[in-house]
>>> print(open('run.txt').read())   # compact mmCIF, C-alpha atoms and all ligand atoms
# COMPACT_ATOMS: atom_id res chain seq x y z
CA MET F 876 -40.99 177.06 -2.31
CA SER F 877 -38.00 175.51 -3.98
CA THR F 878 -36.31 172.79 -1.93
CA GLY F 879 -33.05 173.37 -3.82
CA HIS F 880 -32.91 177.03 -2.86
CA VAL F 881 -33.67 176.23 0.75
CA LEU F 882 -30.75 173.80 0.78
CA LEU F 883 -28.47 176.36 -0.87
CA GLY F 884 -29.50 178.81 1.83
CA LEU F 885 -28.75 176.32 4.61
CA LEU F 886 -25.39 175.45 3.03
CA SER F 887 -24.41 179.13 3.16
CA ARG F 888 -23.83 178.46 6.89
CA GLY F 889 -20.96 176.12 5.93
CA GLN F 890 -20.48 172.58 4.72
CA GLN F 891 -23.02 170.04 5.95
CA HIS F 892 -24.25 166.57 5.21
CA GLY F 893 -27.79 165.43 4.42
CA TYR F 894 -28.80 164.84 8.00
CA ASP F 895 -27.73 168.35 9.09
CA LEU F 896 -29.65 169.84 6.19
CA LYS F 897 -32.82 167.95 7.03
CA ALA F 898 -32.56 169.04 10.68
CA GLY F 899 -31.79 172.61 9.60
CA HIS F 900 -34.82 172.66 7.31
CA ASP F 901 -37.16 171.27 9.96
CA ALA F 902 -35.96 173.81 12.52
CA LEU F 903 -36.36 176.70 10.07
CA PHE F 904 -39.91 175.69 9.09
CA PRO F 905 -41.40 174.15 12.24
CA SER F 906 -44.95 174.15 10.92
CA ALA F 907 -44.09 172.66 7.51
CA ARG F 908 -44.00 168.93 6.88
CA PRO F 909 -40.59 167.55 7.98
CA MET F 910 -38.33 166.99 4.99
CA ALA F 911 -37.89 163.34 4.03
CA TYR F 912 -34.31 162.05 3.64
CA GLY F 913 -35.09 160.85 0.12
CA GLN F 914 -36.11 164.39 -0.79
CA VAL F 915 -32.89 165.83 0.66
CA TYR F 916 -30.64 163.41 -1.24
CA ALA F 917 -32.54 163.79 -4.50
CA ALA F 918 -32.24 167.58 -4.25
CA LEU F 919 -28.53 167.38 -3.34
CA THR F 920 -27.87 165.21 -6.39
CA ARG F 921 -29.62 167.70 -8.66
CA LEU F 922 -27.72 170.63 -7.17
CA ARG F 923 -24.42 168.77 -7.58
CA ASP F 924 -25.20 167.86 -11.19
CA ARG F 925 -25.88 171.54 -11.90
CA GLY F 926 -22.56 172.49 -10.31
CA LEU F 927 -24.19 174.55 -7.55
CA ILE F 928 -22.72 172.42 -4.74
CA GLU F 929 -19.77 170.05 -4.50
CA GLU F 930 -18.61 167.29 -2.22
CA ALA F 931 -16.44 168.68 0.55
CA ALA F 932 -15.52 165.53 2.45
CA VAL F 933 -16.52 161.96 3.04
CA GLU F 934 -16.70 160.99 6.70
CA ARG F 935 -16.65 157.45 7.86
CA ALA F 936 -16.80 157.64 11.66
CA GLY F 937 -17.74 154.08 12.60
CA GLY F 938 -21.11 154.06 10.82
CA PRO F 939 -21.95 154.36 7.11
CA GLU F 940 -20.06 156.87 5.06
CA ARG F 941 -21.48 160.37 4.96
CA THR F 942 -20.77 163.00 2.37
CA THR F 943 -20.68 166.65 3.34
CA TYR F 944 -21.43 169.27 0.72
CA ARG F 945 -20.53 172.92 0.25
CA LEU F 946 -21.68 175.74 -2.03
CA THR F 947 -19.70 176.43 -5.19
CA PRO F 948 -19.32 180.05 -6.41
CA ALA F 949 -22.05 179.28 -8.96
CA GLY F 950 -24.29 178.04 -6.15
CA ARG F 951 -23.70 181.25 -4.19
CA ASP F 952 -24.60 183.32 -7.27
CA GLU F 953 -27.77 181.28 -7.82
CA LEU F 954 -28.76 181.82 -4.18
CA GLU F 955 -28.15 185.58 -4.40
CA VAL F 956 -30.29 185.90 -7.53
CA TRP F 957 -33.12 183.85 -6.05
CA MET F 958 -33.09 185.65 -2.69
CA SER F 959 -33.21 189.13 -4.18
CA ALA F 960 -35.91 188.46 -6.78
CA ALA F 961 -39.49 189.34 -5.76
CA GLU F 962 -41.98 186.50 -5.89
CA HIS F 963 -44.70 187.04 -8.49
CA PRO F 964 -47.77 188.49 -6.80
CA PRO F 965 -50.68 186.37 -8.01
CA SER F 966 -52.61 188.11 -10.78
CA GLU F 967 -55.69 185.98 -10.18
CA VAL F 968 -56.62 184.47 -6.85
CA ASN F 969 -58.65 181.31 -6.98
CA ASN F 970 -61.83 181.83 -4.91
CA PRO F 971 -63.60 178.55 -4.14
CA LEU F 972 -66.16 180.48 -2.06
CA ALA F 973 -67.33 182.39 -5.13
CA THR F 974 -67.67 179.17 -7.10
CA LYS F 975 -69.86 177.60 -4.44
CA LEU F 976 -71.88 180.78 -3.96
CA ASN F 977 -72.71 181.02 -7.65
CA VAL F 978 -73.71 177.37 -7.83
CA ALA F 979 -75.85 177.79 -4.70
CA LEU F 980 -77.56 180.82 -6.27
CA VAL F 981 -78.22 179.03 -9.54
CA ALA F 982 -79.39 175.77 -7.97
CA GLY F 983 -81.11 177.07 -4.84
CA GLY F 984 -81.62 180.83 -5.12
CA PRO F 985 -80.67 183.65 -2.76
CA ASP F 986 -81.76 181.84 0.42
CA GLU F 987 -79.45 178.95 -0.37
CA GLY F 988 -76.65 181.40 -1.15
CA ALA F 989 -77.18 183.24 2.13
CA LEU F 990 -77.26 179.99 4.08
CA PHE F 991 -73.96 178.92 2.57
CA LEU F 992 -72.33 182.30 3.23
CA ARG F 993 -73.45 182.33 6.87
CA ARG F 994 -72.14 178.82 7.47
CA GLN F 995 -68.90 179.70 5.78
CA ARG F 996 -68.60 182.82 7.90
CA SER F 997 -68.98 180.78 11.09
CA ALA F 998 -66.43 178.23 9.92
CA HIS F 999 -63.97 180.97 9.01
CA THR F 1000 -64.37 182.91 12.24
CA ALA F 1001 -63.94 179.73 14.28
CA ARG F 1002 -60.73 178.96 12.41
CA MET F 1003 -59.54 182.53 12.99
CA ARG F 1004 -60.13 182.06 16.66
CA ASP F 1005 -57.98 178.90 16.62
CA HIS F 1006 -55.12 180.77 14.96
CA THR F 1007 -55.52 183.62 17.45
CA GLN F 1008 -55.22 181.16 20.34
CA THR F 1009 -52.20 179.52 18.71
CA LYS F 1010 -50.36 182.75 18.41
CA ARG F 1011 -51.22 183.84 21.94
CA ALA F 1012 -49.89 180.62 23.47
CA ALA F 1013 -47.05 181.38 25.87
CA ASP F 1014 -44.64 179.06 24.04
CA ALA F 1015 -45.39 180.27 20.51
CA THR F 1016 -42.23 181.14 18.56
CA LEU F 1017 -42.15 184.27 16.44
CA THR F 1018 -42.13 182.06 13.34
CA GLN F 1019 -45.38 180.44 14.52
CA VAL F 1020 -46.85 183.83 15.34
CA LEU F 1021 -46.05 185.14 11.87
CA ALA F 1022 -47.42 181.99 10.25
CA ALA F 1023 -50.66 182.43 12.22
CA ASP F 1024 -50.75 186.11 11.21
CA TYR F 1025 -50.42 185.16 7.56
CA ALA F 1026 -53.29 182.68 7.84
CA LEU F 1027 -55.35 185.25 9.77
CA SER F 1028 -54.83 187.91 7.11
CA HIS F 1029 -56.08 185.55 4.42
CA LEU F 1030 -59.07 184.39 6.44
CA ASP F 1031 -59.81 188.01 7.31
CA ALA F 1032 -59.91 188.85 3.59
CA ASP F 1033 -62.33 185.96 3.02
CA VAL F 1034 -64.64 187.06 5.84
CA ARG F 1035 -64.75 190.62 4.48
CA TRP F 1036 -65.56 189.18 1.07
CA ILE F 1037 -68.35 187.06 2.60
CA ASP F 1038 -69.81 190.14 4.29
CA ASP F 1039 -69.69 192.10 1.03
CA ALA F 1040 -71.32 189.23 -0.83
CA LEU F 1041 -74.08 188.93 1.80
CA ALA F 1042 -74.74 192.66 1.56
CA ARG F 1043 -75.09 192.43 -2.23
CA LEU F 1044 -76.80 189.08 -2.49
CA GLY F 1045 -79.81 190.41 -4.40
CA GLU F 1046 -77.64 192.03 -7.07
CA ILE F 1047 -75.42 188.97 -7.46
CA THR F 1048 -78.43 186.69 -7.75
CA ARG F 1049 -79.85 188.82 -10.59
CA GLU F 1050 -76.51 188.77 -12.35
CA VAL F 1051 -75.89 185.01 -12.21
CA THR F 1052 -79.50 183.87 -12.76
CA PRO F 1053 -80.69 185.75 -15.84
CA MET V 156 -64.90 189.25 39.31
CA SER V 157 -68.60 189.83 39.20
CA THR V 158 -71.09 186.98 39.03
CA THR V 159 -73.88 189.12 37.64
CA PRO V 160 -75.14 188.63 34.10
CA LEU V 161 -76.22 191.58 31.98
CA ILE V 162 -79.60 190.89 30.45
CA ALA V 163 -81.15 192.84 27.60
CA THR V 164 -84.74 192.15 26.61
CA GLY V 165 -86.68 193.45 23.61
CA LEU V 166 -84.37 196.39 22.88
CA ARG V 167 -85.68 198.82 20.29
CA HIS V 168 -84.34 202.20 19.44
CA ALA V 169 -84.79 204.73 16.66
CA TYR V 170 -83.20 208.07 15.88
CA GLY V 171 -86.11 210.12 14.57
CA ASN V 172 -87.91 207.66 12.32
CA ARG V 173 -84.77 205.70 11.46
CA PRO V 174 -84.71 202.41 13.41
CA ALA V 175 -81.29 201.46 14.79
CA LEU V 176 -82.27 198.53 17.03
CA ALA V 177 -85.24 196.41 15.97
CA GLY V 178 -85.74 193.99 18.86
CA ILE V 179 -82.66 192.57 20.56
CA ASP V 180 -82.58 189.94 23.30
CA LEU V 181 -79.17 189.17 24.70
CA ARG V 182 -77.73 187.70 27.86
CA ILE V 183 -74.10 188.41 28.66
CA GLU V 184 -72.59 186.05 31.18
CA PRO V 185 -70.04 187.34 33.70
CA GLY V 186 -66.51 186.67 32.49
CA ASP V 187 -67.50 186.37 28.84
CA PHE V 188 -65.66 188.09 26.01
CA VAL V 189 -68.37 189.27 23.63
CA VAL V 190 -67.69 190.84 20.27
CA ILE V 191 -70.41 192.76 18.42
CA THR V 192 -69.86 192.77 14.67
CA GLY V 193 -71.87 193.81 11.63
CA ALA V 194 -71.84 196.26 8.76
CA SER V 195 -71.52 200.00 9.25
CA GLY V 196 -74.90 201.31 10.42
CA SER V 197 -76.12 197.90 11.61
CA GLY V 198 -76.58 199.23 15.14
CA LYS V 199 -73.40 198.12 16.94
CA SER V 200 -72.69 201.39 18.73
CA THR V 201 -76.35 201.89 19.57
CA LEU V 202 -76.53 198.41 21.12
CA LEU V 203 -73.34 198.99 23.09
CA HIS V 204 -74.64 202.32 24.37
CA ALA V 205 -77.93 200.78 25.42
CA LEU V 206 -76.15 197.92 27.23
CA ALA V 207 -73.82 200.33 29.01
CA GLY V 208 -76.59 202.74 30.02
CA VAL V 209 -75.20 205.56 27.88
CA ILE V 210 -78.59 205.84 26.16
CA VAL V 211 -82.03 204.74 27.29
CA PRO V 212 -83.64 202.62 24.56
CA ASP V 213 -87.12 203.50 23.29
CA ALA V 214 -88.37 200.08 24.37
CA GLY V 215 -87.09 197.05 26.20
CA SER V 216 -84.89 196.78 29.27
CA VAL V 217 -81.32 196.19 30.33
CA ARG V 218 -80.76 194.68 33.76
CA PHE V 219 -77.52 194.11 35.63
CA GLY V 220 -78.45 191.91 38.58
CA ASP V 221 -81.10 193.84 40.45
CA VAL V 222 -80.11 197.14 38.85
CA SER V 223 -82.29 198.29 35.98
CA VAL V 224 -79.72 199.97 33.74
CA SER V 225 -82.33 201.21 31.30
CA GLY V 226 -84.70 202.39 34.03
CA ALA V 227 -82.15 204.29 36.09
CA SER V 228 -81.88 208.07 36.30
CA GLU V 229 -79.11 209.92 34.47
CA GLU V 230 -77.17 210.27 37.75
CA ALA V 231 -77.59 206.61 38.63
CA ARG V 232 -76.41 205.58 35.16
CA SER V 233 -73.32 207.77 35.31
CA ALA V 234 -72.53 206.40 38.76
CA LEU V 235 -72.83 202.90 37.30
CA ARG V 236 -70.44 203.88 34.52
CA ARG V 237 -67.96 205.19 37.09
CA THR V 238 -68.02 202.10 39.26
CA ARG V 239 -69.24 198.89 37.64
CA PHE V 240 -68.88 199.69 33.92
CA GLY V 241 -65.97 201.08 31.94
CA VAL V 242 -66.92 202.66 28.62
CA LEU V 243 -64.71 203.45 25.65
CA PHE V 244 -66.52 205.46 22.98
CA GLN V 245 -65.91 205.02 19.27
CA PHE V 246 -64.60 208.55 18.99
CA GLY V 247 -62.47 208.75 22.14
CA GLN V 248 -64.12 211.75 23.77
CA LEU V 249 -61.17 212.90 25.79
CA VAL V 250 -61.41 216.21 27.64
CA GLU V 251 -59.37 218.61 25.47
CA GLU V 252 -58.18 220.82 28.33
CA LEU V 253 -56.73 217.97 30.39
CA THR V 254 -53.49 216.08 29.87
CA ALA V 255 -53.58 212.36 29.06
CA VAL V 256 -52.85 211.35 32.65
CA GLU V 257 -55.49 213.77 33.99
CA ASN V 258 -58.02 212.36 31.53
CA VAL V 259 -57.32 208.83 32.71
CA ALA V 260 -57.43 209.85 36.38
CA LEU V 261 -60.80 211.56 35.93
CA PRO V 262 -63.10 208.61 36.79
CA LEU V 263 -61.04 207.95 39.93
CA LEU V 264 -61.18 211.61 41.02
CA LEU V 265 -64.94 211.66 40.44
CA GLY V 266 -65.11 208.57 42.65
CA GLY V 267 -63.36 210.48 45.44
CA MET V 268 -59.81 209.17 45.15
CA PRO V 269 -57.07 211.65 46.17
CA ARG V 270 -55.39 213.28 43.14
CA ARG V 271 -51.91 211.92 43.74
CA THR V 272 -53.07 208.30 44.06
CA ALA V 273 -55.40 208.68 41.11
CA GLU V 274 -52.70 210.08 38.84
CA ALA V 275 -50.23 207.38 39.88
CA ARG V 276 -52.79 204.72 39.02
CA ALA V 277 -53.62 206.53 35.77
CA GLY V 278 -49.92 206.56 34.86
CA GLU V 279 -49.72 202.79 35.35
CA TRP V 280 -52.65 202.23 33.00
CA LEU V 281 -51.12 204.50 30.37
CA GLY V 282 -48.08 202.23 30.59
CA ARG V 283 -50.16 199.07 30.22
CA VAL V 284 -51.81 200.32 27.04
CA GLY V 285 -48.39 201.33 25.72
CA VAL V 286 -48.51 205.14 25.79
CA ALA V 287 -46.72 206.06 29.04
CA GLU V 288 -44.70 208.67 27.16
CA VAL V 289 -47.70 210.89 26.35
CA ALA V 290 -48.85 211.33 29.98
CA GLY V 291 -48.22 215.10 29.99
CA GLN V 292 -49.68 215.87 26.55
CA VAL V 293 -53.15 217.23 25.89
CA PRO V 294 -55.41 215.40 23.37
CA GLY V 295 -54.65 217.95 20.62
CA GLU V 296 -51.02 216.81 20.73
CA LEU V 297 -51.76 213.08 20.40
CA SER V 298 -51.88 210.91 17.28
CA GLY V 299 -55.17 209.13 16.60
CA GLY V 300 -53.79 205.83 17.86
CA GLN V 301 -52.34 207.41 21.01
CA ALA V 302 -55.62 209.18 21.80
CA GLN V 303 -57.48 205.91 21.35
CA ARG V 304 -55.21 204.14 23.83
CA VAL V 305 -55.49 207.00 26.35
CA ALA V 306 -59.28 206.67 26.10
CA LEU V 307 -58.94 202.91 26.59
CA ALA V 308 -56.81 203.47 29.71
CA ARG V 309 -59.54 205.78 31.04
CA ALA V 310 -62.14 203.06 30.46
CA LEU V 311 -59.96 200.51 32.26
CA VAL V 312 -58.68 202.57 35.18
CA SER V 313 -61.65 201.90 37.47
CA GLU V 314 -61.17 198.15 37.01
CA ALA V 315 -64.87 197.83 36.36
CA ASP V 316 -66.81 194.56 36.17
CA ILE V 317 -67.67 195.12 32.52
CA LEU V 318 -65.65 196.93 29.90
CA PHE V 319 -67.66 198.25 26.96
CA ALA V 320 -65.34 199.21 24.12
CA ASP V 321 -66.44 200.62 20.77
CA GLU V 322 -63.81 199.93 18.08
CA PRO V 323 -60.86 200.11 20.50
CA THR V 324 -58.37 199.32 17.73
CA GLY V 325 -59.90 201.36 14.89
CA ALA V 326 -57.03 203.85 14.77
CA LEU V 327 -54.22 201.38 15.45
CA ASP V 328 -51.84 199.53 13.14
CA SER V 329 -51.91 195.76 13.39
CA LEU V 330 -49.12 195.36 15.96
CA ALA V 331 -50.53 198.04 18.26
CA ALA V 332 -53.98 196.49 17.81
CA GLU V 333 -52.58 193.12 18.75
CA ALA V 334 -50.99 194.55 21.91
CA VAL V 335 -54.32 196.09 22.94
CA MET V 336 -56.22 192.87 22.22
CA ASP V 337 -53.66 190.82 24.16
CA LEU V 338 -54.11 193.17 27.11
CA LEU V 339 -57.91 192.83 26.97
CA SER V 340 -57.61 189.04 26.70
CA GLU V 341 -55.40 189.00 29.79
CA LEU V 342 -57.82 191.16 31.77
CA ASN V 343 -60.57 188.79 30.72
CA ALA V 344 -58.68 185.58 31.46
CA ASP V 345 -56.72 186.61 34.55
CA LEU V 346 -59.02 189.09 36.29
CA GLY V 347 -62.30 187.73 34.98
CA ALA V 348 -63.37 191.08 33.57
CA THR V 349 -66.37 190.83 31.25
CA ILE V 350 -65.64 192.44 27.91
CA VAL V 351 -68.14 193.67 25.36
CA LEU V 352 -66.37 194.96 22.31
CA VAL V 353 -67.59 196.39 19.01
CA THR V 354 -65.43 195.86 15.96
CA HIS V 355 -65.76 195.64 12.21
CA GLU V 356 -62.43 193.81 11.91
CA PRO V 357 -62.65 190.01 11.71
CA ARG V 358 -59.13 189.68 13.14
CA VAL V 359 -60.13 191.62 16.24
CA ALA V 360 -63.40 189.70 16.54
CA ALA V 361 -61.35 186.47 16.63
CA TYR V 362 -60.27 187.34 20.19
CA GLY V 363 -63.85 186.99 21.43
CA ARG V 364 -65.60 183.95 22.83
CA THR V 365 -69.12 184.98 21.83
CA GLU V 366 -69.90 186.83 18.62
CA VAL V 367 -73.08 188.83 18.16
CA HIS V 368 -73.37 189.61 14.47
CA LEU V 369 -75.88 192.38 13.73
CA ARG V 370 -77.75 193.10 10.55
CA ASP V 371 -80.22 195.99 10.30
CA GLY V 372 -80.60 196.32 14.05
CA ARG V 373 -81.24 192.62 14.66
CA ILE V 374 -79.08 189.72 15.74
CA ASP V 375 -78.23 187.89 12.51
CA THR V 376 -76.09 185.20 14.12
CA LEU V 377 -75.04 184.53 17.67
CA SER V 378 -72.09 182.17 17.90
CA SER V 379 -70.28 180.93 20.93
CA TYR V 380 -66.96 179.18 20.85
CA GLY V 381 -66.94 177.17 24.00
CA GLN V 382 -66.87 173.44 23.95
CA ASP V 383 -68.97 173.51 20.79
CA ASP V 384 -67.16 172.68 17.65
CA VAL V 385 -68.40 175.57 15.59
CA ILE V 386 -66.57 174.42 12.48
CA ALA V 387 -68.17 171.00 12.64
CA GLN V 388 -71.56 172.63 13.12
CA ALA V 389 -71.04 174.97 10.23
CA LEU V 390 -69.80 172.18 7.94
CA ARG V 391 -72.60 169.84 8.99
N1 LIG F 1101 -77.10 210.24 16.94
C1 LIG F 1101 -77.73 209.76 15.86
N2 LIG F 1101 -78.66 210.47 15.19
C2 LIG F 1101 -79.29 209.96 14.13
N3 LIG F 1101 -79.09 208.74 13.64
C3 LIG F 1101 -78.16 207.97 14.25
C4 LIG F 1101 -77.43 208.44 15.38
N4 LIG F 1101 -76.58 207.46 15.76
C5 LIG F 1101 -76.78 206.45 14.91
N5 LIG F 1101 -77.71 206.75 14.00
C6 LIG F 1101 -78.23 205.84 12.95
O1 LIG F 1101 -78.57 204.60 13.54
C7 LIG F 1101 -78.12 203.51 12.79
C8 LIG F 1101 -77.18 202.63 13.61
O2 LIG F 1101 -76.06 203.42 13.95
P1 LIG F 1101 -74.86 202.86 14.82
O3 LIG F 1101 -73.99 204.03 15.14
O4 LIG F 1101 -75.40 202.09 15.97
O5 LIG F 1101 -74.16 201.88 13.77
P2 LIG F 1101 -72.77 201.10 13.86
O6 LIG F 1101 -73.08 199.68 13.58
O7 LIG F 1101 -72.08 201.44 15.12
O8 LIG F 1101 -71.99 201.70 12.60
P3 LIG F 1101 -70.41 202.01 12.41
O9 LIG F 1101 -69.76 200.71 12.11
O10 LIG F 1101 -70.40 202.91 11.21
O11 LIG F 1101 -69.90 202.67 13.63
C9 LIG F 1101 -77.49 204.12 11.54
O12 LIG F 1101 -78.45 204.10 10.52
C10 LIG F 1101 -77.16 205.52 11.95
O13 LIG F 1101 -77.21 206.38 10.83
MG MG F 1102 -70.36 202.51 15.55
>>> encode(input="run.txt", output="C-alpha cells")
Amino acid sequence: MSTGHVLLGLLSRGQQHGYDLKAGHDALFPSARPMAYGQVYAALTRLRDRGLIEEAAVERAGGPERTTYRLTPAGRDELEVWMSAAEHPPSEVNNPLATKLNVALVAGGPDEGALFLRRQRSAHTARMRDHTQTKRAADATLTQVLAADYALSHLDADVRWIDDALARLGEITREVTP
Amino acid sequence: MSTTPLIATGLRHAYGNRPALAGIDLRIEPGDFVVITGASGSGKSTLLHALAGVIVPDAGSVRFGDVSVSGASEEARSALRRTRFGVLFQFGQLVEELTAVENVALPLLLGGMPRRTAEARAGEWLGRVGVAEVAGQVPGELSGGQAQRVALARALVSEADILFADEPTGALDSLAAEAVMDLLSELNADLGATIVLVTHEPRVAAYGRTEVHLRDGRIDTLSSYGQDDVIAQALR
C-alpha cells in the first residue's frame, strides 16, 4: 500500500494538516500500525515536491504553526489513475509450508513430513478459530470483519493445501527423494 | 440444556465389504460444538448417522445417558430423533409433496402438536434461518441453498438437545453460510444446544470448539480449543 496515495485519498475530503491526516489514516485502517508523524510529514513533502499537493494555509492558533495541505489538479488525476487501476494479482505465491515440507521429506522421510503437516494444520485451524471469534465479537466493525474474512480465506486455502499434501504424501516423497 | 454426554465406543461399520468406520471412540460433552472433518469418503456422514441413531453400526455402541442409541429399536430411534436429537441430512431429504412450512412443522405434528401452533413455530424457524419468504413453496420450487436452510429449520424446530448437521452450508454462498453458522453458534452459546456438525470447509470448521478429523474411518486428530493453547502445542 502506498502511503502517498492514502494521503491523496484522505485529502480528497478537503484541506487538512498532518495531524488530521494521521488521525484519518488510523481511523480508516484500525488494524494497521498507527501512522507515525514522521512518516506523514515525509510523505507530504514528497507529494508537495511532485506537485500533487500544495500548501493551503498556515495556522498559528496559540501553539506551533501548522500547515494545511490540499490536492492540486495533478494530485487529483494521480489519485484517479491509482484508484481505478487493478492491483497485479500475484503470479507466484510464496509457500513457506511447501519449503518446510520438502525439507522434512528429504531430511526425515514421509513420517516427518506428515508430522509437520499435522502440526501445521492444528496451528492453522486454531488461528482460524481466533479470527472467527474476532469477527463474531459484538463490537466488531465491518472493516474488522472483512479483515478477518481475508485472513480466513488465506488460512482456508493453506489448510486445503495441507489436506491435499497429506493425501498425496507418498507421491510427493517419491518425487522429492529420488 | 441437557447434561448428558453422548458416548460412542468401538464403532465399526462397513457397506458390503467396504469399511467406512474402523474403530471410533468418542465422547461428546453436553454443550460442546463438535465439528467432524476429513476427506470425502473418510466416514464423516457414516459417523454422524451412527451417533444420531440413523444407522445401527456393525459393532460398538452409542449411549446417550441411559439410552442405548445403537441398541434401540427402529421406533425408539425415530422417537429419539423427534425429541432429543435434531438431524439434518447431507442431501436435505425434504418431503416433495409438502410446502416448506409443512416440512418444518412435520416433527412437531408427529410429536402431537396442533397444526396451527406447529406451523406458526415452523414459520418462525424459517425466519431465523433466513428463508421466511419460501414458506408456501414446495421443495421443487426452492434453490439448493433455500432447500438446505428449510431442512436446517426442520432439524432445529424441535429444539432438541443435540443437533446433528451434515454439511449444513454445502449449498450456500459465504455470507449465507456465515449467517447459518452464526445462528448455530448462538444456539450453542445461548441455549446450550450441543452441536455435532460435519463439514469439509475449514472456515466452517473454525466455528467449532472440538474438531474430530477423520482419515479412512479412524480419528486422525482430535483437537479441542478450550483453555489449551493449541497453537503453542502445535509449535512446540
Ligand atoms: N449407502 C452406502 N452404500 C455403500 N457404500 C457407502 C454408502 N454410504 C457410504 N458408503 C461408503 O462408505 C465410505 C464413507 O462414506 P461417508 O458417506 O461416511 O463419507 P463422507 O466422509 O461423509 O464423504 P463426503 O465428504 O463425500 O460426504 C465411502 O467409501 C463410501 O463410498
Ligand atoms: Mg458425507
>>> residues_around(input="run.txt", residues="His168 of chain V", least_positions_apart="2", cutoff="12 Å", atoms="only C-alpha atoms", output="PyMOL selection string")
chain V and resi 165-166+170-179+198-202+204-205+210-216+371-373
>>> atom_distance(input="run.txt", atom1="atom CA of Ser966 of chain F", atom2="atom CA of Val1034 of chain F")
20.5 Å
>>> residues_around(input="run.txt", residues="Ala1032 of chain F", least_positions_apart="2", cutoff="12 Å", atoms="only C-alpha atoms", output="ChimeraX atom specification")
/F:968,970,972,996,999-1000,1003,1025-1030,1034-1039 /V:356-358
>>> closest_residue(input="run.txt", among="V:Val312, V:Ala194, V:Leu206, V:Ile162", to="chain F", atoms="all atoms listed in the file")
V:Ala194
>>> residues_around(input="run.txt", residues="Leu1041 of chain F", least_positions_apart="6", cutoff="9 Å", atoms="all atoms listed in the file", output="PDB file with C-alpha atoms, keeping the file's coordinate frame")
ATOM      1  CA  GLY F 988     -76.650 181.400  -1.150  1.00  0.00           C
ATOM      2  CA  ALA F 989     -77.180 183.240   2.130  1.00  0.00           C
ATOM      3  CA  LEU F 992     -72.330 182.300   3.230  1.00  0.00           C
ATOM      4  CA  ARG F 993     -73.450 182.330   6.870  1.00  0.00           C
TER       5      ARG F 993
END
>>> interface_residues(input="run.txt", of="chain F", to="chain V", cutoff="6 Å", atoms="all atoms listed in the file", output="PDB file with C-alpha atoms, keeping the file's coordinate frame")
ATOM      1  CA  ARG F 994     -72.140 178.820   7.470  1.00  0.00           C
ATOM      2  CA  ALA F 998     -66.430 178.230   9.920  1.00  0.00           C
ATOM      3  CA  MET F1003     -59.540 182.530  12.990  1.00  0.00           C
ATOM      4  CA  ARG F1004     -60.130 182.060  16.660  1.00  0.00           C
ATOM      5  CA  ASP F1031     -59.810 188.010   7.310  1.00  0.00           C
TER       6      ASP F1031
END
>>> residues_around(input="run.txt", residues="Thr947 of chain F", least_positions_apart="3", cutoff="10 Å", atoms="all atoms listed in the file", output="compact mmCIF listing (two decimals) with C-alpha atoms, in the coordinates of the input")
# COMPACT_ATOMS: atom_id res chain seq x y z
CA LEU F 883 -28.47 176.36 -0.87
CA SER F 887 -24.41 179.13 3.16
CA ARG F 923 -24.42 168.77 -7.58
CA GLY F 926 -22.56 172.49 -10.31
CA LEU F 927 -24.19 174.55 -7.55
CA ILE F 928 -22.72 172.42 -4.74
CA GLU F 929 -19.77 170.05 -4.50
CA GLU F 930 -18.61 167.29 -2.22
CA TYR F 944 -21.43 169.27 0.72
CA GLY F 950 -24.29 178.04 -6.15
CA ARG F 951 -23.70 181.25 -4.19
CA ASP F 952 -24.60 183.32 -7.27
CA GLU F 953 -27.77 181.28 -7.82
>>> residues_around(input="run.txt", residues="segment 156-161 of chain V", least_positions_apart="5", cutoff="9 Å", atoms="all atoms listed in the file", output="list in words")
Leu181, Arg182, Ile183, Glu184, Pro185, Gly186, Leu206, Val217, Arg218, Phe219, Gly220, Asp316, Ile317, Leu346, Gly347, Ala348 and Thr349 of chain V
>>> atom_distance(input="run.txt", atom1="atom CA of Glu1050 of chain F", atom2="atom CA of Ala973 of chain F")
13.3 Å
>>> axis_aligned_box(input="run.txt", around="ligand LIG 1101 (chain F)", padding_each_side="6 Å", output="AutoDock Vina command-line options")
--center_x -74.5 --center_y 205.1 --center_z 13.7 --size_x 21.5 --size_y 22.8 --size_z 18.4
>>> atom_distance(input="run.txt", atom1="atom CA of Ala332 of chain V", atom2="atom O2 of ligand LIG 1101 (chain F)")
23.5 Å
>>> closest_residue(input="run.txt", among="F:Thr878, F:Thr1048, F:Gln995, F:Thr920", to="His900 of chain F", atoms="all atoms listed in the file")
F:Thr878
>>> closest_residue(input="run.txt", among="V:Phe244, V:Ser313, V:Thr164, V:Arg276", to="ligand MG 1102 (chain F)", atoms="only C-alpha atoms and all ligand atoms")
V:Phe244
>>> build_atoms(input="run.txt", residues="segment 896-903 of chain F", atoms="N, CA and C atoms", output="short mmCIF file (atom, residue, chain, number, x, y, z; two decimals), in the frame of the given file")
data_model
loop_
_atom_site.label_atom_id
_atom_site.label_comp_id
_atom_site.auth_asym_id
_atom_site.auth_seq_id
_atom_site.Cartn_x
_atom_site.Cartn_y
_atom_site.Cartn_z
N LEU F 896 -28.77 169.00 7.01
CA LEU F 896 -29.65 169.84 6.19
C LEU F 896 -31.11 169.56 6.50
N LYS F 897 -31.44 168.30 6.67
CA LYS F 897 -32.82 167.95 7.03
C LYS F 897 -33.20 168.60 8.37
N ALA F 898 -32.29 168.46 9.35
CA ALA F 898 -32.56 169.04 10.68
C ALA F 898 -32.66 170.56 10.58
N GLY F 899 -31.77 171.15 9.77
CA GLY F 899 -31.79 172.61 9.60
C GLY F 899 -33.10 173.07 8.97
N HIS F 900 -33.55 172.33 7.96
CA HIS F 900 -34.82 172.66 7.31
C HIS F 900 -35.97 172.59 8.30
N ASP F 901 -36.02 171.48 9.05
CA ASP F 901 -37.16 171.27 9.96
C ASP F 901 -37.20 172.33 11.06
N ALA F 902 -35.99 172.78 11.48
CA ALA F 902 -35.96 173.81 12.52
C ALA F 902 -36.39 175.16 11.96
N LEU F 903 -36.05 175.41 10.68
CA LEU F 903 -36.36 176.70 10.07
C LEU F 903 -37.85 176.82 9.75
#
